[in-house]
>>> print(open('my_file11.pdb').read())   # PDB, C-alpha atoms
ATOM      1  CA  MET A   1      61.136 122.035  -6.759
ATOM      2  CA  PRO A   2      64.620 121.804  -5.208
ATOM      3  CA  THR A   3      67.455 121.549  -7.720
ATOM      4  CA  VAL A   4      69.460 118.332  -7.777
ATOM      5  CA  VAL A   5      73.146 119.167  -7.329
ATOM      6  CA  GLN A   6      74.343 115.730  -8.327
ATOM      7  CA  LYS A   7      72.886 112.278  -8.949
ATOM      8  CA  SER A   8      75.124 109.807  -7.213
ATOM      9  CA  ALA A   9      75.053 106.690  -5.049
ATOM     10  CA  ILE A  10      76.079 105.697  -1.548
ATOM     11  CA  SER A  11      78.189 102.572  -1.529
ATOM     12  CA  PHE A  12      79.307 100.494   1.442
ATOM     13  CA  GLY A  13      80.468  96.910   1.120
ATOM     14  CA  LEU A  14      78.453  95.481  -1.781
ATOM     15  CA  VAL A  15      75.417  97.665  -1.017
ATOM     16  CA  HIS A  16      74.749 100.317  -3.682
ATOM     17  CA  ILE A  17      72.120 102.998  -2.946
ATOM     18  CA  PRO A  18      71.233 105.494  -5.722
ATOM     19  CA  VAL A  19      70.721 108.967  -4.229
ATOM     20  CA  SER A  20      70.361 112.586  -5.262
ATOM     21  CA  LEU A  21      72.139 115.429  -3.467
ATOM     22  CA  TYR A  22      70.402 118.728  -2.704
ATOM     23  CA  VAL A  23      71.910 121.898  -1.208
ATOM     24  CA  ALA A  24      70.890 122.076   2.455
ATOM     25  CA  THR A  25      71.662 125.719   3.288
ATOM     26  CA  ASP A  26      70.844 129.096   1.780
ATOM     27  CA  SER A  27      72.337 132.492   2.572
ATOM     28  CA  LYS A  28      69.796 135.118   3.628
ATOM     29  CA  ASP A  29      72.233 138.039   3.538
ATOM     30  CA  ILE A  30      70.912 141.196   1.926
ATOM     31  CA  LYS A  31      72.507 141.642  -1.497
ATOM     32  CA  PHE A  32      73.935 145.069  -2.350
ATOM     33  CA  ASN A  33      75.123 146.434  -5.694
ATOM     34  CA  GLN A  34      78.271 148.525  -5.978
ATOM     35  CA  LEU A  35      77.545 152.022  -7.315
ATOM     36  CA  HIS A  36      79.578 155.002  -8.510
ATOM     37  CA  ALA A  37      79.359 157.546  -5.669
ATOM     38  CA  THR A  38      79.002 160.546  -8.016
ATOM     39  CA  ASP A  39      76.059 159.364 -10.144
ATOM     40  CA  ASN A  40      74.848 156.010  -8.661
ATOM     41  CA  GLY A  41      75.808 154.142 -11.811
ATOM     42  CA  ARG A  42      76.267 150.365 -11.417
ATOM     43  CA  ILE A  43      79.899 149.230 -11.264
ATOM     44  CA  ARG A  44      80.505 146.494 -13.851
ATOM     45  CA  TYR A  45      83.418 144.081 -13.954
ATOM     46  CA  LYS A  46      84.656 143.175 -17.398
ATOM     47  CA  LYS A  47      86.736 140.139 -18.319
ATOM     48  CA  VAL A  48      89.394 141.390 -20.686
ATOM     49  CA  CYS A  49      91.983 139.384 -22.623
ATOM     50  CA  SER A  50      95.519 140.393 -21.632
ATOM     51  CA  LEU A  51      96.779 139.905 -25.222
ATOM     52  CA  CYS A  52      94.167 141.495 -27.512
ATOM     53  CA  GLY A  53      92.518 143.757 -24.934
ATOM     54  CA  GLU A  54      89.014 142.707 -25.984
ATOM     55  CA  GLU A  55      86.185 141.965 -23.560
ATOM     56  CA  VAL A  56      85.495 138.223 -23.385
ATOM     57  CA  GLU A  57      82.157 136.480 -22.747
ATOM     58  CA  ASN A  58      81.926 133.487 -20.410
ATOM     59  CA  LYS A  59      81.247 131.090 -23.293
ATOM     60  CA  GLU A  60      84.632 132.040 -24.797
ATOM     61  CA  ILE A  61      86.603 131.277 -21.611
ATOM     62  CA  ILE A  62      88.435 127.986 -21.139
ATOM     63  CA  LYS A  63      90.639 126.640 -18.342
ATOM     64  CA  GLY A  64      94.378 126.372 -18.642
ATOM     65  CA  TYR A  65      97.217 125.229 -16.369
ATOM     66  CA  GLU A  66     100.434 127.251 -16.706
ATOM     67  CA  TYR A  67     103.203 124.610 -16.712
ATOM     68  CA  ARG A  68     105.814 127.100 -17.947
ATOM     69  CA  LYS A  69     105.832 130.891 -18.241
ATOM     70  CA  GLY A  70     103.258 131.697 -20.907
ATOM     71  CA  LYS A  71     102.694 128.014 -21.783
ATOM     72  CA  TYR A  72      99.381 126.363 -20.881
ATOM     73  CA  VAL A  73      97.781 122.939 -20.920
ATOM     74  CA  LEU A  74      94.156 123.530 -21.953
ATOM     75  CA  MET A  75      91.363 121.659 -20.129
ATOM     76  CA  ASP A  76      87.628 121.430 -20.824
ATOM     77  CA  ASP A  77      84.701 119.746 -19.054
ATOM     78  CA  SER A  78      85.220 116.466 -20.902
ATOM     79  CA  ASP A  79      88.779 116.242 -19.544
ATOM     80  CA  PHE A  80      87.555 116.599 -15.953
ATOM     81  CA  GLU A  81      84.735 114.102 -16.508
ATOM     82  CA  GLY A  82      87.113 111.700 -18.239
ATOM     83  CA  ALA A  83      89.359 111.681 -15.173
ATOM     84  CA  LYS A  84      86.501 110.383 -13.015
ATOM     85  CA  ARG A  85      86.292 106.647 -12.442
ATOM     86  CA  LYS A  86      82.892 105.080 -11.819
ATOM     87  CA  LYS A  87      83.580 104.813  -8.101
ATOM     88  CA  ASP A  88      84.596 108.502  -7.970
ATOM     89  CA  LYS A  89      80.997 109.419  -8.741
ATOM     90  CA  THR A  90      79.690 107.463  -5.744
ATOM     91  CA  LEU A  91      79.819 108.326  -2.060
ATOM     92  CA  GLN A  92      82.171 105.486  -1.170
ATOM     93  CA  ILE A  93      81.920 104.799   2.577
ATOM     94  CA  LEU A  94      85.356 104.000   4.021
ATOM     95  CA  GLN A  95      84.473 103.723   7.705
ATOM     96  CA  PHE A  96      81.899 104.477  10.384
ATOM     97  CA  THR A  97      82.620 106.594  13.466
ATOM     98  CA  ASP A  98      80.818 108.095  16.469
ATOM     99  CA  VAL A  99      78.845 111.195  15.474
ATOM    100  CA  THR A 100      80.619 113.174  18.217
ATOM    101  CA  GLY A 101      84.052 112.142  16.969
ATOM    102  CA  ILE A 102      84.293 114.716  14.167
ATOM    103  CA  ASP A 103      85.683 118.127  15.116
ATOM    104  CA  PRO A 104      83.250 120.800  13.763
ATOM    105  CA  ILE A 105      86.217 122.762  12.365
ATOM    106  CA  TYR A 106      86.302 120.234   9.511
ATOM    107  CA  TYR A 107      82.699 120.902   8.363
ATOM    108  CA  GLU A 108      82.496 122.761   5.056
ATOM    109  CA  LYS A 109      79.163 122.576   3.188
ATOM    110  CA  ALA A 110      75.927 120.667   3.823
ATOM    111  CA  TYR A 111      73.691 118.682   1.464
ATOM    112  CA  TYR A 112      70.612 116.496   1.810
ATOM    113  CA  ALA A 113      70.764 113.002   0.324
ATOM    114  CA  LEU A 114      67.456 111.434  -0.742
ATOM    115  CA  PRO A 115      66.974 108.036  -2.396
ATOM    116  CA  GLN A 116      66.296 107.676  -6.081
ATOM    117  CA  PRO A 117      63.497 105.294  -7.161
ATOM    118  CA  GLY A 118      64.469 101.736  -6.345
ATOM    119  CA  GLY A 119      66.883 102.659  -3.576
ATOM    120  CA  GLU A 120      64.373 103.383  -0.819
ATOM    121  CA  LYS A 121      64.737 100.145   1.173
ATOM    122  CA  ALA A 122      68.557 100.091   1.219
ATOM    123  CA  PHE A 123      68.577 103.822   1.990
ATOM    124  CA  GLU A 124      66.274 103.339   4.995
ATOM    125  CA  LEU A 125      68.300 100.342   6.200
ATOM    126  CA  LEU A 126      71.491 102.417   6.223
ATOM    127  CA  ARG A 127      69.797 105.444   7.818
ATOM    128  CA  VAL A 128      68.139 103.516  10.653
ATOM    129  CA  SER A 129      71.236 101.400  11.322
ATOM    130  CA  MET A 130      73.437 104.491  11.626
ATOM    131  CA  GLU A 131      70.902 106.282  13.824
ATOM    132  CA  SER A 132      70.436 103.328  16.192
ATOM    133  CA  GLN A 133      74.197 103.055  16.725
ATOM    134  CA  ASN A 134      74.788 106.831  16.819
ATOM    135  CA  LYS A 135      77.263 106.555  13.958
ATOM    136  CA  ALA A 136      78.352 108.768  11.077
ATOM    137  CA  ALA A 137      79.864 107.467   7.860
ATOM    138  CA  ILE A 138      83.147 108.795   6.455
ATOM    139  CA  ALA A 139      83.333 108.649   2.681
ATOM    140  CA  THR A 140      84.902 110.219  -0.394
ATOM    141  CA  THR A 141      83.428 111.360  -3.690
ATOM    142  CA  VAL A 142      84.201 113.775  -6.515
ATOM    143  CA  LEU A 143      82.052 116.913  -6.562
ATOM    144  CA  GLY A 144      82.685 119.174  -9.516
ATOM    145  CA  SER A 145      86.399 118.885 -10.223
ATOM    146  CA  LYS A 146      87.628 118.062  -6.710
ATOM    147  CA  GLU A 147      87.650 114.909  -4.607
ATOM    148  CA  LYS A 148      85.907 115.587  -1.321
ATOM    149  CA  LEU A 149      86.122 113.973   2.078
ATOM    150  CA  ILE A 150      82.578 113.749   3.441
ATOM    151  CA  ALA A 151      80.635 112.757   6.538
ATOM    152  CA  ILE A 152      77.135 111.268   6.310
ATOM    153  CA  PHE A 153      74.658 111.585   9.200
ATOM    154  CA  SER A 154      71.171 110.229   9.803
ATOM    155  CA  SER A 155      68.982 113.273  10.378
ATOM    156  CA  GLY A 156      65.244 113.959  10.363
ATOM    157  CA  GLY A 157      64.274 110.834   8.418
ATOM    158  CA  SER A 158      66.887 111.401   5.721
ATOM    159  CA  LEU A 159      70.646 111.467   5.350
ATOM    160  CA  ARG A 160      72.656 114.671   5.634
ATOM    161  CA  VAL A 161      75.964 114.938   3.813
ATOM    162  CA  HIS A 162      78.707 117.323   4.942
ATOM    163  CA  THR A 163      81.796 117.935   2.871
ATOM    164  CA  LEU A 164      84.851 118.110   5.129
ATOM    165  CA  PHE A 165      88.109 120.002   4.921
ATOM    166  CA  TYR A 166      91.185 117.800   4.689
ATOM    167  CA  GLN A 167      93.557 118.118   7.630
ATOM    168  CA  THR A 168      96.068 119.911   5.369
ATOM    169  CA  GLU A 169      93.423 122.620   4.756
ATOM    170  CA  VAL A 170      92.901 123.401   8.459
ATOM    171  CA  ARG A 171      95.322 125.939   9.868
ATOM    172  CA  ASP A 172      97.206 125.450  13.112
ATOM    173  CA  LEU A 173      96.139 127.442  16.131
ATOM    174  CA  PRO A 174      97.909 130.816  15.840
ATOM    175  CA  VAL A 175     100.516 131.820  18.387
ATOM    176  CA  ILE A 176     100.040 135.456  19.436
ATOM    177  CA  LYS A 177     103.102 137.314  20.674
ATOM    178  CA  GLY A 178     102.690 138.986  24.054
ATOM    179  CA  VAL A 179      99.785 136.771  25.135
ATOM    180  CA  LYS A 180     100.708 134.928  28.295
ATOM    181  CA  ALA A 181      99.465 131.523  29.374
ATOM    182  CA  ALA A 182      96.286 131.921  31.435
ATOM    183  CA  PRO A 183      96.627 131.108  35.151
ATOM    184  CA  MET A 184      94.468 128.299  36.500
ATOM    185  CA  ALA A 185      91.123 129.348  37.961
ATOM    186  CA  ASP A 186      90.639 128.507  41.629
ATOM    187  CA  SER A 187      87.970 126.100  42.917
ATOM    188  CA  LYS A 188      85.478 128.851  43.833
ATOM    189  CA  GLU A 189      85.725 130.407  40.380
ATOM    190  CA  MET A 190      85.289 126.974  38.779
ATOM    191  CA  GLU A 191      82.208 126.291  40.913
ATOM    192  CA  LEU A 192      80.614 129.634  40.070
ATOM    193  CA  ALA A 193      81.368 129.129  36.360
ATOM    194  CA  ALA A 194      79.790 125.656  36.480
ATOM    195  CA  THR A 195      76.682 127.095  38.162
ATOM    196  CA  LEU A 196      76.406 129.853  35.550
ATOM    197  CA  ILE A 197      76.707 127.313  32.725
ATOM    198  CA  ALA A 198      73.990 125.177  34.361
ATOM    199  CA  ALA A 199      71.734 128.239  34.697
ATOM    200  CA  MET A 200      72.127 129.015  30.976
ATOM    201  CA  ASP A 201      71.838 125.405  29.839
ATOM    202  CA  GLY A 202      69.055 124.352  27.459
ATOM    203  CA  ARG A 203      68.201 122.395  24.338
ATOM    204  CA  PHE A 204      69.447 124.095  21.177
ATOM    205  CA  ASP A 205      66.514 125.247  19.058
ATOM    206  CA  PRO A 206      67.781 126.959  15.879
ATOM    207  CA  GLY A 207      64.310 128.333  15.205
ATOM    208  CA  ALA A 208      64.544 130.429  18.375
ATOM    209  CA  PHE A 209      67.308 132.594  16.884
ATOM    210  CA  LYS A 210      67.132 135.180  14.137
ATOM    211  CA  ASP A 211      69.445 137.625  12.436
ATOM    212  CA  ASP A 212      68.415 140.864  14.168
ATOM    213  CA  TYR A 213      71.098 142.896  12.393
ATOM    214  CA  GLN A 214      69.772 141.949   8.933
ATOM    215  CA  GLU A 215      66.262 142.891  10.089
ATOM    216  CA  ARG A 216      67.491 146.330  11.175
ATOM    217  CA  ILE A 217      69.255 146.782   7.812
ATOM    218  CA  LYS A 218      66.007 145.909   5.990
ATOM    219  CA  GLU A 219      64.138 148.469   8.109
ATOM    220  CA  ILE A 220      66.707 151.165   7.277
ATOM    221  CA  ILE A 221      66.418 150.328   3.556
ATOM    222  CA  GLU A 222      62.608 150.574   3.703
ATOM    223  CA  GLN A 223      62.718 153.904   5.571
ATOM    224  CA  LYS A 224      65.298 155.385   3.173
ATOM    225  CA  ALA A 225      63.273 154.205   0.174
ATOM    226  CA  GLN A 226      60.335 156.199   1.580
ATOM    227  CA  GLY A 227      62.547 159.256   2.054
ATOM    228  CA  ASN A 228      62.417 159.124   5.832
ATOM    229  CA  GLU A 229      65.245 160.323   8.049
ATOM    230  CA  ILE A 230      67.059 157.508   9.812
ATOM    231  CA  ALA A 231      67.654 157.833  13.531
ATOM    232  CA  ASP A 232      70.446 156.012  15.325
ATOM    233  CA  VAL A 233      69.122 152.660  16.534
ATOM    234  CA  GLY A 234      70.792 153.323  19.897
ATOM    235  CA  GLU A 235      71.738 150.724  22.469
ATOM    236  CA  GLU A 236      69.099 148.444  23.908
ATOM    237  CA  ALA A 237      69.340 147.381  27.511
ATOM    238  CA  TYR A 238      72.240 144.971  27.849
ATOM    239  CA  PRO A 239      73.961 143.806  31.045
ATOM    240  CA  THR A 240      77.237 145.591  30.417
ATOM    241  CA  THR A 241      79.520 146.194  33.361
ATOM    242  CA  ASN A 242      82.893 147.596  34.261
ATOM    243  CA  VAL A 243      83.549 144.714  36.661
ATOM    244  CA  THR A 244      87.144 143.573  36.275
ATOM    245  CA  ASP A 245      87.299 141.078  39.164
ATOM    246  CA  LEU A 246      86.477 137.595  37.834
ATOM    247  CA  MET A 247      84.611 136.463  40.958
ATOM    248  CA  ASP A 248      82.457 139.609  41.004
ATOM    249  CA  ALA A 249      81.724 139.215  37.293
ATOM    250  CA  LEU A 250      80.622 135.614  37.804
ATOM    251  CA  LYS A 251      78.421 136.531  40.791
ATOM    252  CA  GLN A 252      76.742 139.394  38.918
ATOM    253  CA  SER A 253      76.224 137.131  35.903
ATOM    254  CA  LEU A 254      74.514 134.564  38.124
ATOM    255  CA  LYS A 255      72.314 137.267  39.614
ATOM    256  CA  ALA A 256      71.349 138.485  36.139
ATOM    257  CA  ASN A 257      70.360 134.932  35.180
ATOM    258  CA  LYS A 258      68.415 134.517  38.447
ATOM    259  CA  ALA A 259      70.363 131.417  39.416
ATOM    260  CA  PRO A 260      71.188 130.655  43.052
ATOM    261  CA  ALA A 261      74.865 130.888  43.866
ATOM    262  CA  PRO A 262      76.394 127.642  45.189
ATOM    263  CA  THR A 263      76.306 127.219  48.960
ATOM    264  CA  LYS A 264      79.519 127.033  50.920
ATOM    265  CA  GLY A 265      80.906 123.682  51.884
ATOM    266  CA  LYS A 266      80.472 120.327  50.222
ATOM    267  CA  ARG A 267      77.888 119.744  47.564
ATOM    268  CA  LYS A 268      74.966 117.514  48.352
ATOM    269  CA  SER A 269      75.175 114.163  46.674
ATOM    270  CA  SER A 270      72.518 113.620  44.019
TER
END
>>> encode(input="my_file11.pdb", output="structure tokens")
Amino acid sequence: MPTVVQKSAISFGLVHIPVSLYVATDSKDIKFNQLHATDNGRIRYKKVCSLCGEEVENKEIIKGYEYRKGKYVLMDDSDFEGAKRKKDKTLQILQFTDVTGIDPIYYEKAYYALPQPGGEKAFELLRVSMESQNKAAIATTVLGSKEKLIAIFSSGGSLRVHTLFYQTEVRDLPVIKGVKAAPMADSKEMELAATLIAAMDGRFDPGAFKDDYQERIKEIIEQKAQGNEIADVGEEAYPTTNVTDLMDALKQSLKANKAPAPTKGKRKSS
């Protein structure tokens, strides 16, 4: 049974929809322990008090804000909960926007929102209305001890909630010294690039992709556990090339994708 992250409600206008939030993603990375190279002993991290030098258990740790050197304001869970207003615990919709109008750089973490008993009809009304108009909802709520900006999407018969970074949390595009502005591509290069993109175009199916590197790591772990010698995985066939001319690289890429190069002259009208 999936664990409920938070019981909340979606609110827009005077409509109040009780929902539960569930984590939508799960890391599949292989977990490794850190070991002492000389005897394979597990490396442990201890939390030690800087004043008495004693090791401290999690249940003995509290939060404190240092307002002056060595002086702290102590905070516990009741203080954080007490700071929440009733509306802070709801997903308060502030506006609706086109689903394509949110830059993916702002996406942080994903959740599923499902209705609680009694909220099914209002939930479905919101979901279908958003889907039919291709809209996402922008809202705010408090998760844990932080107010979050969120986007709500209709997806797969339910609602998907994405926490968003605030604009102040997104860094500006870095300026790299020594990198010159790229010259404009000519019309032939643009046409070849467009043809290559068309040849590689297709519907995105996430199930068609897998983490091959993690699979190879698992295989190495299994072989080592059996005491087998591990051979270099080597390089599988890959269309690498030393072509430095852009036009030649585009033409060879088209050939590799078995797409016809554009004919000279004007394009035929469709």
>>> resolve_selection(input="my_file11.pdb", expression="the PyMOL selection byres ((chain A and resi 90-107) around 6)", output="PDB file with C-alpha atoms, in the coordinates of the input")
ATOM      1  CA  SER A   8      75.124 109.807  -7.213  1.00  0.00           C
ATOM      2  CA  ALA A   9      75.053 106.690  -5.049  1.00  0.00           C
ATOM      3  CA  ILE A  10      76.079 105.697  -1.548  1.00  0.00           C
ATOM      4  CA  SER A  11      78.189 102.572  -1.529  1.00  0.00           C
ATOM      5  CA  PHE A  12      79.307 100.494   1.442  1.00  0.00           C
ATOM      6  CA  LYS A  87      83.580 104.813  -8.101  1.00  0.00           C
ATOM      7  CA  ASP A  88      84.596 108.502  -7.970  1.00  0.00           C
ATOM      8  CA  LYS A  89      80.997 109.419  -8.741  1.00  0.00           C
ATOM      9  CA  GLU A 108      82.496 122.761   5.056  1.00  0.00           C
ATOM     10  CA  LYS A 135      77.263 106.555  13.958  1.00  0.00           C
ATOM     11  CA  ALA A 136      78.352 108.768  11.077  1.00  0.00           C
ATOM     12  CA  ALA A 137      79.864 107.467   7.860  1.00  0.00           C
ATOM     13  CA  ILE A 138      83.147 108.795   6.455  1.00  0.00           C
ATOM     14  CA  ALA A 139      83.333 108.649   2.681  1.00  0.00           C
ATOM     15  CA  THR A 140      84.902 110.219  -0.394  1.00  0.00           C
ATOM     16  CA  THR A 141      83.428 111.360  -3.690  1.00  0.00           C
ATOM     17  CA  LEU A 164      84.851 118.110   5.129  1.00  0.00           C
ATOM     18  CA  PHE A 165      88.109 120.002   4.921  1.00  0.00           C
TER      19      PHE A 165
END
>>> closest_residue(input="my_file11.pdb", among="A:Lys251, A:Lys69, A:Arg127, A:Lys218", to="Asp29 of chain A", atoms="all atoms listed in the file")
A:Lys218
>>> resolve_selection(input="my_file11.pdb", expression="the PyMOL selection byres ((chain A and resi 188-198) around 8)", output="PyMOL selection string")
chain A and resi 185-187+199-201+246-247+250-251+253-254+257+259+261-262
>>> atom_distance(input="my_file11.pdb", atom1="atom CA of His162 of chain A", atom2="atom CA of Leu21 of chain A")
10.8 Å
>>> residues_around(input="my_file11.pdb", residues="Ala110 of chain A", least_positions_apart="6", cutoff="10 Å", atoms="only C-alpha atoms", output="PyMOL selection string")
chain A and resi 21-25+150-152+160-164
>>> write_last_selection(input="my_file11.pdb", atoms="C-alpha atoms", output="PDB file, in the coordinates of the input")
ATOM      1  CA  LEU A  21      72.139 115.429  -3.467  1.00  0.00           C
ATOM      2  CA  TYR A  22      70.402 118.728  -2.704  1.00  0.00           C
ATOM      3  CA  VAL A  23      71.910 121.898  -1.208  1.00  0.00           C
ATOM      4  CA  ALA A  24      70.890 122.076   2.455  1.00  0.00           C
ATOM      5  CA  THR A  25      71.662 125.719   3.288  1.00  0.00           C
ATOM      6  CA  ILE A 150      82.578 113.749   3.441  1.00  0.00           C
ATOM      7  CA  ALA A 151      80.635 112.757   6.538  1.00  0.00           C
ATOM      8  CA  ILE A 152      77.135 111.268   6.310  1.00  0.00           C
ATOM      9  CA  ARG A 160      72.656 114.671   5.634  1.00  0.00           C
ATOM     10  CA  VAL A 161      75.964 114.938   3.813  1.00  0.00           C
ATOM     11  CA  HIS A 162      78.707 117.323   4.942  1.00  0.00           C
ATOM     12  CA  THR A 163      81.796 117.935   2.871  1.00  0.00           C
ATOM     13  CA  LEU A 164      84.851 118.110   5.129  1.00  0.00           C
TER      14      LEU A 164
END
>>> closest_residue(input="my_file11.pdb", among="A:Glu81, A:Asp211, A:Glu120, A:Asp248", to="Ser27 of chain A", atoms="all atoms listed in the file")
A:Asp211
>>> axis_aligned_box(input="my_file11.pdb", around="segment 63-80 of chain A", padding_each_side="5 Å", output="AutoDock Vina command-line options")
--center_x 95.3 --center_y 124.0 --center_z -19.0 --size_x 31.1 --size_y 25.5 --size_z 16.0
>>> closest_residue(input="my_file11.pdb", among="A:Ile17, A:Ala249, A:Ile230, A:Ile176", to="Ala122 of chain A", atoms="all atoms listed in the file")
A:Ile17
>>> residues_around(input="my_file11.pdb", residues="segment 49-64 of chain A", least_positions_apart="4", cutoff="6 Å", atoms="all atoms listed in the file", output="ChimeraX atom specification")
/A:72-75
>>> atom_distance(input="my_file11.pdb", atom1="atom CA of Gln214 of chain A", atom2="atom CA of Ile30 of chain A")
7.1 Å
>>> atom_distance(input="my_file11.pdb", atom1="atom CA of Asn228 of chain A", atom2="atom CA of Gly41 of chain A")
22.7 Å
>>> decode(input="my_file11.pdb", residues="segment 246-253 of chain A", atoms="all heavy atoms", output="mmCIF file, in the first residue's frame")
data_model
loop_
_atom_site.group_PDB
_atom_site.id
_atom_site.type_symbol
_atom_site.label_atom_id
_atom_site.label_comp_id
_atom_site.auth_asym_id
_atom_site.auth_seq_id
_atom_site.Cartn_x
_atom_site.Cartn_y
_atom_site.Cartn_z
ATOM 1 N N LEU A 246 30.651 20.350 -40.526
ATOM 2 C CA LEU A 246 29.267 20.250 -40.078
ATOM 3 C C LEU A 246 28.367 19.625 -41.137
ATOM 4 O O LEU A 246 27.549 18.755 -40.849
ATOM 5 C CB LEU A 246 28.742 21.633 -39.674
ATOM 6 C CG LEU A 246 27.326 21.696 -39.117
ATOM 7 C CD1 LEU A 246 27.175 20.773 -37.911
ATOM 8 C CD2 LEU A 246 26.982 23.131 -38.727
ATOM 9 N N MET A 247 28.517 20.058 -42.396
ATOM 10 C CA MET A 247 27.685 19.508 -43.464
ATOM 11 C C MET A 247 27.913 18.004 -43.631
ATOM 12 O O MET A 247 26.964 17.230 -43.758
ATOM 13 C CB MET A 247 27.971 20.234 -44.778
ATOM 14 C CG MET A 247 27.330 21.605 -44.888
ATOM 15 S SD MET A 247 25.529 21.516 -44.996
ATOM 16 C CE MET A 247 25.321 20.848 -46.653
ATOM 17 N N ASP A 248 29.174 17.585 -43.618
ATOM 18 C CA ASP A 248 29.487 16.160 -43.750
ATOM 19 C C ASP A 248 28.915 15.365 -42.576
ATOM 20 O O ASP A 248 28.406 14.254 -42.747
ATOM 21 C CB ASP A 248 31.002 15.953 -43.834
ATOM 22 C CG ASP A 248 31.559 16.349 -45.201
ATOM 23 O OD1 ASP A 248 30.746 16.493 -46.139
ATOM 24 O OD2 ASP A 248 32.780 16.526 -45.312
ATOM 25 N N ALA A 249 29.007 15.944 -41.381
ATOM 26 C CA ALA A 249 28.479 15.262 -40.195
ATOM 27 C C ALA A 249 26.969 15.092 -40.295
ATOM 28 O O ALA A 249 26.417 14.038 -39.951
ATOM 29 C CB ALA A 249 28.838 16.054 -38.934
ATOM 30 N N LEU A 250 26.281 16.121 -40.778
ATOM 31 C CA LEU A 250 24.832 16.031 -40.943
ATOM 32 C C LEU A 250 24.459 14.982 -41.989
ATOM 33 O O LEU A 250 23.548 14.181 -41.793
ATOM 34 C CB LEU A 250 24.264 17.398 -41.351
ATOM 35 C CG LEU A 250 24.210 18.463 -40.248
ATOM 36 C CD1 LEU A 250 23.931 19.838 -40.841
ATOM 37 C CD2 LEU A 250 23.148 18.114 -39.208
ATOM 38 N N LYS A 251 25.179 14.982 -43.120
ATOM 39 C CA LYS A 251 24.899 14.026 -44.195
ATOM 40 C C LYS A 251 25.118 12.590 -43.733
ATOM 41 O O LYS A 251 24.313 11.697 -44.025
ATOM 42 C CB LYS A 251 25.757 14.331 -45.423
ATOM 43 C CG LYS A 251 25.353 15.618 -46.156
ATOM 44 C CD LYS A 251 26.305 15.913 -47.304
ATOM 45 C CE LYS A 251 25.923 17.205 -48.031
ATOM 46 N NZ LYS A 251 26.882 17.542 -49.112
ATOM 47 N N GLN A 252 26.217 12.347 -43.002
ATOM 48 C CA GLN A 252 26.500 11.000 -42.521
ATOM 49 C C GLN A 252 25.486 10.574 -41.457
ATOM 50 O O GLN A 252 25.119 9.404 -41.364
ATOM 51 C CB GLN A 252 27.925 10.924 -41.972
ATOM 52 C CG GLN A 252 28.987 11.037 -43.059
ATOM 53 C CD GLN A 252 30.368 10.635 -42.566
ATOM 54 O OE1 GLN A 252 30.492 9.798 -41.689
ATOM 55 N NE2 GLN A 252 31.401 11.239 -43.140
ATOM 56 N N SER A 253 25.020 11.545 -40.671
ATOM 57 C CA SER A 253 23.996 11.243 -39.666
ATOM 58 C C SER A 253 22.696 10.833 -40.340
ATOM 59 O O SER A 253 22.016 9.894 -39.913
ATOM 60 C CB SER A 253 23.757 12.460 -38.765
ATOM 61 O OG SER A 253 24.925 12.802 -38.049
#
